[in-house]
Amino acid sequence: MLEIKNLQASVGDKQILRGIDLKVNKGEVHAIMGPNGSGKSTLANVLAGREGFTVTAGTATYEGKDLLAMAPEARAGQGVFLAFQYPVEIPGVTNNYFMKTALNAIRRQRGEQELDAVDFLKLIKERAKLVEMDPALLSRSVNEGFSGGEKKRNEILQMAVLEPRLAILDETDSGLDIDALQIVAKGINALRSPERAFIMVTHYQRLLTYVQPDFVHVLSAGRIVKSGGKELALELEKKGYGWLAEGEKVAVG
Amino acid sequence: MSFDMEKAPSPSEPPTSVLPHKGRGGLLEARRNDGVLILIENTAEGDRLVIPAGCEATLTETYDPQGDDAYTTDSKLQITLAENARLIHYKLVREGPKANHQSFLEVQAQKSASFQSHVFLLGGARVRNTIHVRLDGEGADCSLNGLYLATGEQVMETHTLIDHIRPHGTSREFYKGILDQKAQGLFDGLIIVEKDAQKTDSSQTNKNLLLSNTARANSNPELRILANDVKCKHGATIGQLDPAQLFYMRSRGISEADARRLLIYAFASEMINLVEKASMRETLEQNLFAKFQRI
């Protein structure tokens with residue numbers, strides 16, 4: 001589904017990603033872990049097409065197409081979704097209207113018929129239950145005045161409405177208390193399917209207790225320095241990231 | 001010419017048309033169960049409107065295009081609000097592409113009177129809208145709101161003066177501008193709090209959205225405070241569309257053009273939402289939507 005080869009990217013004149021290789025098949029859940037500044041969020045943003053991140057080398061092929069050549073909205077139309085680390089507030093645009101506009105934009109790109117207001121309302125009410133979202137938040141401006149947990153739940157709700165094939169979750173667990181974390185995890189698990197892949201970027205192991213990954217990769221200084229199964233996350237939780245960074249230094253030296 | 005209205009129109013009757021100048025539609029709706037007298041005079045110096053004590057009225061002024069050629073609209077209106085009177089004034093300027101529009105509104109508010117203004121400047125080559133409000137009586141209040149939307153080489157100016165003369169007055173001022181291409185917007189607002197106007201509560205805000213590198217916005221909010229026990233604040237911003245908001249929308253599949261339109265509309269809608277009258281809100285939404293299609 002997604003094949004990343006030697007991906008290198010910089011922000012301004014600072015190189016962040018120094019050659020990422022990663023293969024994600026449909027149905028798989030990959031966790032990307034690593035210390036702060038290792039490039040986890042950069043990888044997520046490069047895949048979603050955020051401006052300000054310059055790809056300097058390498059490729060990312062998604063379902064046979066050059067992902068990096070597509071505009072962000074085209075990537076969304078092809079089924080790529082990024083759950084933001086810091087969801088953006090949009091005063092003056094209601095959550096309902098935003099999600100209806102997004103869903104219909106994606107449906108148009110897919111050549112499907114747009115949903116009318118009635119059908120959309122039915123859909124969103126049903127999906128809101130998945131993340132135990134207060135229906136009142138649907139008629140409020142997007143993320144405006146939402147708590148940290150409500151914003152993250154809103155990201156998962158958008159994912160549930162847009163039904164992507166490749167979901168990239170950027171630090172979705174950060175800033176969540178244990179109750180909110182469980183709700184968010186429940187939402188993610190409900191969306192797991194043999195047709196859908198996940199890349200979960202996270203600093204801590206705790207989300208992975210609830211959403212069990214098939215693969216864990218450790219990013220350090222812009223490279224994947226270790227890959228393994230879900231047991232690798234537990235090892236990291238015990239030992240921290242230090243032992244891997246040292247190992248990498250040896251490898252480089 | 002004078003125009004007397006002995007009785008307020010009941011809701012089933014069509015609103016009485018007043019201020020019948022060329023190119024200018026005026027609607028006055030007044031509400032009060034026992035008869036009211038609203039005096040309108042058209043004199044050489046302009047029009048004069050008196051809202052009697054305790055009366056509530058809504059005045060709607062619309063300026064529609066008089067063709068594509070150059071022409072000038074020059075309007076002067078004086079309004080007096082007697083004690084406890086309340087007026088909501090809507091003004092919609094959608095003049096032709098080469099029109100030069102200038103209007104001057106002078107309001108005097110007596111004790112506990114309330115004046116609310118909503119001005120939407122949408123059309124005309126040069127538009128200059130001036131409002132002077134004298135809060136002459138104790139506890140009088142005014143709220144001046146406006147949106148100017150200019151594109152091409154349009155120039156839209158708003159000049160306001162609010163003079164707090166007596167104590168316990170309140171004024172709120174909120175203007176927003178959206179400027180595209182080579183358009184220019186100017187907000188020039190002065191609030192004076194006179195020595196006797198203690199306990200005045202006043203705020204003034206002007207926010208501008210620039211959609212191109214060649215559009216210009218000038219903002220001169222100014223407070224002149226002579227009393228010593230008042231609450232006053234003012235602020236102005238000039239900004240562009242937020243790239244983080246644009247990316248957020250695009251990452252959800254919304255095209256860049258649609259995302260821009262949605263954000264511009266959201267910026268404008270704050271002013272539309274302040275409008276109480278539903279039919280006016282609908283008209284404004286349609287007008288703005290049509291304009292945004294071309295942005």
# chains A, B, ... in the order shown; residues from 1 in each chain; ligands from 1
$ interface_residues --of "chain B" --to "chain A" --cutoff "7 Å" --atoms "only C-alpha atoms" --output "PyMOL selection string"
chain B and resi 244-245+247-248+250-255+266-267+269-270
$ write_last_selection --atoms "N, CA and C atoms" --output "JSON list (two decimals), in the first residue's frame"
[["chain", "number", "residue", "atom", "x", "y", "z"],
["B", 244, "ALA", "N", -2.00, 27.43, 8.51],
["B", 244, "ALA", "CA", -2.30, 26.21, 9.28],
["B", 244, "ALA", "C", -3.75, 25.81, 9.08],
["B", 245, "GLN", "N", -4.66, 26.80, 9.05],
["B", 245, "GLN", "CA", -6.07, 26.48, 8.80],
["B", 245, "GLN", "C", -6.27, 25.96, 7.38],
["B", 247, "PHE", "N", -4.08, 24.39, 5.49],
["B", 247, "PHE", "CA", -3.56, 23.02, 5.36],
["B", 247, "PHE", "C", -4.49, 22.02, 6.03],
["B", 248, "TYR", "N", -5.02, 22.39, 7.19],
["B", 248, "TYR", "CA", -5.93, 21.50, 7.90],
["B", 248, "TYR", "C", -7.11, 21.12, 6.99],
["B", 250, "ARG", "N", -7.27, 21.37, 3.65],
["B", 250, "ARG", "CA", -6.82, 20.63, 2.46],
["B", 250, "ARG", "C", -6.51, 19.19, 2.81],
["B", 251, "SER", "N", -5.97, 18.97, 4.01],
["B", 251, "SER", "CA", -5.64, 17.60, 4.42],
["B", 251, "SER", "C", -6.91, 16.76, 4.59],
["B", 252, "ARG", "N", -8.07, 17.44, 4.60],
["B", 252, "ARG", "CA", -9.34, 16.72, 4.69],
["B", 252, "ARG", "C", -10.02, 16.60, 3.33],
["B", 253, "GLY", "N", -9.29, 16.97, 2.28],
["B", 253, "GLY", "CA", -9.82, 16.77, 0.93],
["B", 253, "GLY", "C", -10.44, 18.00, 0.29],
["B", 254, "ILE", "N", -10.49, 19.12, 1.03],
["B", 254, "ILE", "CA", -11.11, 20.34, 0.51],
["B", 254, "ILE", "C", -10.09, 21.07, -0.36],
["B", 255, "SER", "N", -10.49, 21.47, -1.57],
["B", 255, "SER", "CA", -9.54, 22.11, -2.49],
["B", 255, "SER", "C", -9.06, 23.43, -1.89],
["B", 266, "ALA", "N", -16.01, 32.62, 6.73],
["B", 266, "ALA", "CA", -16.05, 32.52, 8.20],
["B", 266, "ALA", "C", -15.68, 33.87, 8.84],
["B", 267, "PHE", "N", -14.70, 34.53, 8.24],
["B", 267, "PHE", "CA", -14.28, 35.84, 8.75],
["B", 267, "PHE", "C", -15.43, 36.84, 8.64],
["B", 269, "SER", "N", -18.66, 36.10, 8.30],
["B", 269, "SER", "CA", -19.93, 35.67, 8.91],
["B", 269, "SER", "C", -20.10, 36.21, 10.33],
["B", 270, "GLU", "N", -18.99, 36.50, 10.98],
["B", 270, "GLU", "CA", -19.08, 37.06, 12.33],
["B", 270, "GLU", "C", -19.91, 38.35, 12.31]]
$ select_by_dssp --residues "stretch 46-243 of chain B" --states "strand (DSSP E)" --output "ChimeraX atom specification"
/B:46-51,56-63,72-81,86-94,100-109,114-123,126-135,141-150,155-164,170-179,184-193,201-210,216-225,231-239
$ atom_distance --atom1 "atom CA of A:Ala167" --atom2 "atom CA of A:Ala44"
10.0 Å
$ residues_around --residues "B:Leu284" --least-positions-apart "4" --cutoff "10 Å" --atoms "only C-alpha atoms" --output "PyMOL selection string"
chain B and resi 92+120+122+269+271-272+275+278-280+288-290
$ write_last_selection --atoms "C-alpha atoms" --output "mmCIF file, in the first residue's frame"
data_model
loop_
_atom_site.group_PDB
_atom_site.id
_atom_site.type_symbol
_atom_site.label_atom_id
_atom_site.label_comp_id
_atom_site.auth_asym_id
_atom_site.auth_seq_id
_atom_site.Cartn_x
_atom_site.Cartn_y
_atom_site.Cartn_z
ATOM 1 C CA LEU B 92 -26.225 47.962 2.311
ATOM 2 C CA PHE B 120 -22.057 46.545 4.603
ATOM 3 C CA LEU B 122 -19.877 45.748 -1.046
ATOM 4 C CA SER B 269 -19.933 35.674 8.909
ATOM 5 C CA MET B 271 -20.513 40.387 11.158
ATOM 6 C CA ILE B 272 -23.557 38.787 9.530
ATOM 7 C CA VAL B 275 -27.635 41.100 12.333
ATOM 8 C CA ALA B 278 -33.373 37.200 9.336
ATOM 9 C CA SER B 279 -34.271 38.538 5.871
ATOM 10 C CA MET B 280 -31.282 40.888 6.021
ATOM 11 C CA LEU B 288 -21.299 37.742 -0.019
ATOM 12 C CA PHE B 289 -21.511 34.294 -1.509
ATOM 13 C CA ALA B 290 -21.813 35.798 -4.994
#
$ atom_distance --atom1 "atom CA of B:Ala125" --atom2 "atom CA of B:Lys176"
18.6 Å
$ atom_distance --atom1 "atom CA of B:Glu106" --atom2 "atom CA of B:Glu173"
15.7 Å
$ residues_around --residues "A:Leu115" --least-positions-apart "4" --cutoff "8 Å" --atoms "only C-alpha atoms" --output "list in words"
Lys100, Asn104, Asp119 and Phe120 of chain A
$ closest_residue --among "B:Phe174, B:Asn287, B:Leu274, B:Leu241" --to "B:Leu262" --atoms "only C-alpha atoms"
B:Leu241
$ select_by_dssp --residues "stretch 56-220 of chain A" --states "alpha helix (DSSP H)" --output "ChimeraX atom specification"
/A:72-77,95-109,117-130,148-162,178-191,206-210
$ residues_around --residues "A:Ile199" --least-positions-apart "2" --cutoff "6 Å" --atoms "only C-alpha atoms" --output "PDB file with N, CA, C and O atoms, in the first residue's frame"
ATOM      1  N   HIS A  30       1.373   0.111  12.108  1.00  0.00           N
ATOM      2  CA  HIS A  30       2.789   0.370  12.393  1.00  0.00           C
ATOM      3  C   HIS A  30       2.894   1.499  13.420  1.00  0.00           C
ATOM      4  O   HIS A  30       2.245   2.530  13.270  1.00  0.00           O
ATOM      5  N   ALA A  31       3.718   1.278  14.433  1.00  0.00           N
ATOM      6  CA  ALA A  31       3.982   2.345  15.396  1.00  0.00           C
ATOM      7  C   ALA A  31       5.367   2.915  15.104  1.00  0.00           C
ATOM      8  O   ALA A  31       6.310   2.161  14.874  1.00  0.00           O
ATOM      9  N   ILE A 168      -2.688   8.218   9.320  1.00  0.00           N
ATOM     10  CA  ILE A 168      -1.442   8.546  10.019  1.00  0.00           C
ATOM     11  C   ILE A 168      -1.842   9.324  11.267  1.00  0.00           C
ATOM     12  O   ILE A 168      -2.472  10.379  11.164  1.00  0.00           O
TER      13      ILE A 168
END
